[in-house]
Amino acid sequence: MKVVAIVGSIRKESYNMQLAQFIEKRYTEKLDLEVLSLKDLPMYNQDIENEAPQAVLDFKAKVKAADAVLWVTPEYNGTVPGVMVNAIDWLSRVDKVMIGKPSIIMGASMGNLGTVKAQLHLRDILFSPGINSPLLSGNDVYIGAVHTKFDAEGNLTDEGTVKFLDVVIDNFLNWAKKYI
């Protein structure tokens, strides 16, 4: 299954980027995952949405070509980061490439609750009319104390978290098949 990961952090040492890259490496036999960069996306502007810059067109084409989307969000000020909202704004306009495309949400933070608030907000956003993405429920991935769970090479070392991800990824792949 072709999946794109949209990570809501552009920080070099982002734990959420490490999580997406770990998933890309660990489940390479199960899914074809491409982690997309949000660094080059300009701020959404309705004045140019019909003649969007090439970076936007390329981003939207990759999402459109994917069977599903993995959203990996940090939590900034109790909600979804601006770079992720900007990406969603672009995806929700003109050709609306997310409509009907299955999604799963994950997130990691140094706090104990992971990214609970951000994921709740993102869930609401993904149900909006311009996105309307079905979401896998009951498989919430909130990784707290993430700074203690990755080694220097970006490997997730917490055995319980890895086992949980194994189950969640299998559940997602089985569930998403009905949408593709």
# chains A, B, ... in the order shown; residues from 1 in each chain; ligands from 1
call {"tool": "select_by_dssp", "arguments": {"residues": "chain A", "states": "strand (DSSP E)", "output": "number ranges by chain"}}
result
A: 2-7, 32-36, 68-72, 103-108, 141-143
call {"tool": "closest_atom_pairs", "arguments": {"of": "region 91-134 of chain A", "to": "region 66-75 of chain A", "cutoff": "9 Å", "atoms": "only C-alpha atoms", "output": "tab-separated table"}}
result
residue	atom	partner	partner_atom	distance
A:Met98	CA	A:Val69	CA	8.7
A:Lys101	CA	A:Ala68	CA	5.7
A:Pro102	CA	A:Ala68	CA	5.0
A:Ser103	CA	A:Val69	CA	4.7
A:Ile104	CA	A:Leu70	CA	5.1
A:Ile105	CA	A:Trp71	CA	4.7
A:Met106	CA	A:Val72	CA	4.8
A:Gly107	CA	A:Thr73	CA	4.7
A:Ala108	CA	A:Pro74	CA	6.1
A:Ser109	CA	A:Pro74	CA	6.4
A:Gly114	CA	A:Glu75	CA	8.1
A:Thr115	CA	A:Glu75	CA	5.3
A:Val116	CA	A:Glu75	CA	8.0
A:Lys117	CA	A:Glu75	CA	7.2
A:Ala118	CA	A:Glu75	CA	5.2
A:Gln119	CA	A:Thr73	CA	7.2
A:Leu122	CA	A:Thr73	CA	8.5
call {"tool": "closest_residue", "arguments": {"among": "A:Tyr15, A:Tyr142, A:Tyr179, A:Tyr44", "to": "Leu165 (chain A)", "atoms": "only C-alpha atoms"}}
result
A:Tyr142
call {"tool": "residues_around", "arguments": {"residues": "Pro53 (chain A)", "least_positions_apart": "2", "cutoff": "12 Å", "atoms": "only C-alpha atoms", "output": "VMD selection string"}}
result
chain A and resid 40 to 45 47 to 51 55 to 60 90
call {"tool": "select_by_dssp", "arguments": {"residues": "chain A", "states": "alpha helix (DSSP H)", "output": "PDB file with C-alpha atoms, in the first residue's frame"}}
result
ATOM      1  CA  TYR A  15      10.854  13.365  17.327  1.00  0.00           C
ATOM      2  CA  ASN A  16       7.785  13.163  15.112  1.00  0.00           C
ATOM      3  CA  MET A  17       9.972  12.997  12.013  1.00  0.00           C
ATOM      4  CA  GLN A  18      11.979  10.253  13.723  1.00  0.00           C
ATOM      5  CA  LEU A  19       8.720   8.389  14.356  1.00  0.00           C
ATOM      6  CA  ALA A  20       7.705   8.647  10.686  1.00  0.00           C
ATOM      7  CA  GLN A  21      11.155   7.521   9.559  1.00  0.00           C
ATOM      8  CA  PHE A  22      11.086   4.610  12.025  1.00  0.00           C
ATOM      9  CA  ILE A  23       7.733   3.504  10.588  1.00  0.00           C
ATOM     10  CA  GLU A  24       9.139   3.837   7.079  1.00  0.00           C
ATOM     11  CA  LYS A  25      12.081   1.544   7.973  1.00  0.00           C
ATOM     12  CA  ARG A  26      10.298  -0.980  10.184  1.00  0.00           C
ATOM     13  CA  GLN A  54       5.189  24.000  -8.187  1.00  0.00           C
ATOM     14  CA  ALA A  55       5.985  22.928  -4.609  1.00  0.00           C
ATOM     15  CA  VAL A  56       2.248  22.846  -3.870  1.00  0.00           C
ATOM     16  CA  LEU A  57       1.436  20.986  -7.087  1.00  0.00           C
ATOM     17  CA  ASP A  58       4.114  18.375  -6.361  1.00  0.00           C
ATOM     18  CA  PHE A  59       2.929  17.964  -2.753  1.00  0.00           C
ATOM     19  CA  LYS A  60      -0.703  17.553  -3.784  1.00  0.00           C
ATOM     20  CA  ALA A  61       0.228  15.101  -6.554  1.00  0.00           C
ATOM     21  CA  LYS A  62       2.031  12.856  -4.073  1.00  0.00           C
ATOM     22  CA  VAL A  63      -0.910  12.896  -1.691  1.00  0.00           C
ATOM     23  CA  LYS A  64      -3.341  12.225  -4.538  1.00  0.00           C
ATOM     24  CA  ALA A  65      -1.262   9.253  -5.761  1.00  0.00           C
ATOM     25  CA  GLY A  82       0.913  25.855  11.729  1.00  0.00           C
ATOM     26  CA  VAL A  83       2.950  24.059   9.053  1.00  0.00           C
ATOM     27  CA  MET A  84       0.529  21.137   9.207  1.00  0.00           C
ATOM     28  CA  VAL A  85      -2.529  23.394   9.056  1.00  0.00           C
ATOM     29  CA  ASN A  86      -0.983  25.163   6.067  1.00  0.00           C
ATOM     30  CA  ALA A  87      -0.525  21.821   4.287  1.00  0.00           C
ATOM     31  CA  ILE A  88      -4.131  20.905   5.043  1.00  0.00           C
ATOM     32  CA  ASP A  89      -5.298  24.264   3.696  1.00  0.00           C
ATOM     33  CA  TRP A  90      -3.603  23.529   0.368  1.00  0.00           C
ATOM     34  CA  LEU A  91      -4.986  19.966   0.294  1.00  0.00           C
ATOM     35  CA  VAL A 116      -3.596  14.126  22.752  1.00  0.00           C
ATOM     36  CA  LYS A 117      -4.934  17.666  22.293  1.00  0.00           C
ATOM     37  CA  ALA A 118      -3.350  18.157  18.873  1.00  0.00           C
ATOM     38  CA  GLN A 119      -4.688  14.826  17.659  1.00  0.00           C
ATOM     39  CA  LEU A 120      -8.207  15.675  18.802  1.00  0.00           C
ATOM     40  CA  HIS A 121      -8.036  18.944  16.874  1.00  0.00           C
ATOM     41  CA  LEU A 122      -6.529  17.243  13.829  1.00  0.00           C
ATOM     42  CA  ARG A 123      -9.296  14.644  13.885  1.00  0.00           C
ATOM     43  CA  ASP A 124     -11.893  17.443  13.714  1.00  0.00           C
ATOM     44  CA  ILE A 125     -10.013  19.171  10.900  1.00  0.00           C
ATOM     45  CA  LEU A 126      -9.781  15.971   8.850  1.00  0.00           C
ATOM     46  CA  GLU A 159       9.659  -2.472  23.293  1.00  0.00           C
ATOM     47  CA  GLY A 160       6.082  -1.847  24.414  1.00  0.00           C
ATOM     48  CA  THR A 161       5.682   1.064  22.000  1.00  0.00           C
ATOM     49  CA  VAL A 162       7.131  -0.947  19.118  1.00  0.00           C
ATOM     50  CA  LYS A 163       4.785  -3.875  19.805  1.00  0.00           C
ATOM     51  CA  PHE A 164       1.842  -1.492  19.974  1.00  0.00           C
ATOM     52  CA  LEU A 165       2.850   0.082  16.637  1.00  0.00           C
ATOM     53  CA  ASP A 166       3.071  -3.398  15.094  1.00  0.00           C
ATOM     54  CA  VAL A 167      -0.582  -3.974  15.984  1.00  0.00           C
ATOM     55  CA  VAL A 168      -1.732  -0.499  14.938  1.00  0.00           C
ATOM     56  CA  ILE A 169      -0.011  -0.656  11.548  1.00  0.00           C
ATOM     57  CA  ASP A 170      -1.574  -4.057  10.812  1.00  0.00           C
ATOM     58  CA  ASN A 171      -4.988  -2.761  11.897  1.00  0.00           C
ATOM     59  CA  PHE A 172      -4.588   0.306   9.692  1.00  0.00           C
ATOM     60  CA  LEU A 173      -3.542  -1.654   6.621  1.00  0.00           C
ATOM     61  CA  ASN A 174      -6.447  -4.087   6.996  1.00  0.00           C
ATOM     62  CA  TRP A 175      -8.944  -1.268   7.596  1.00  0.00           C
ATOM     63  CA  ALA A 176      -7.681   1.023   4.796  1.00  0.00           C
TER      64      ALA A 176
END
call {"tool": "atom_distance", "arguments": {"atom1": "CA of Ser137 (chain A)", "atom2": "CA of Gly154 (chain A)"}}
result
27.2 Å
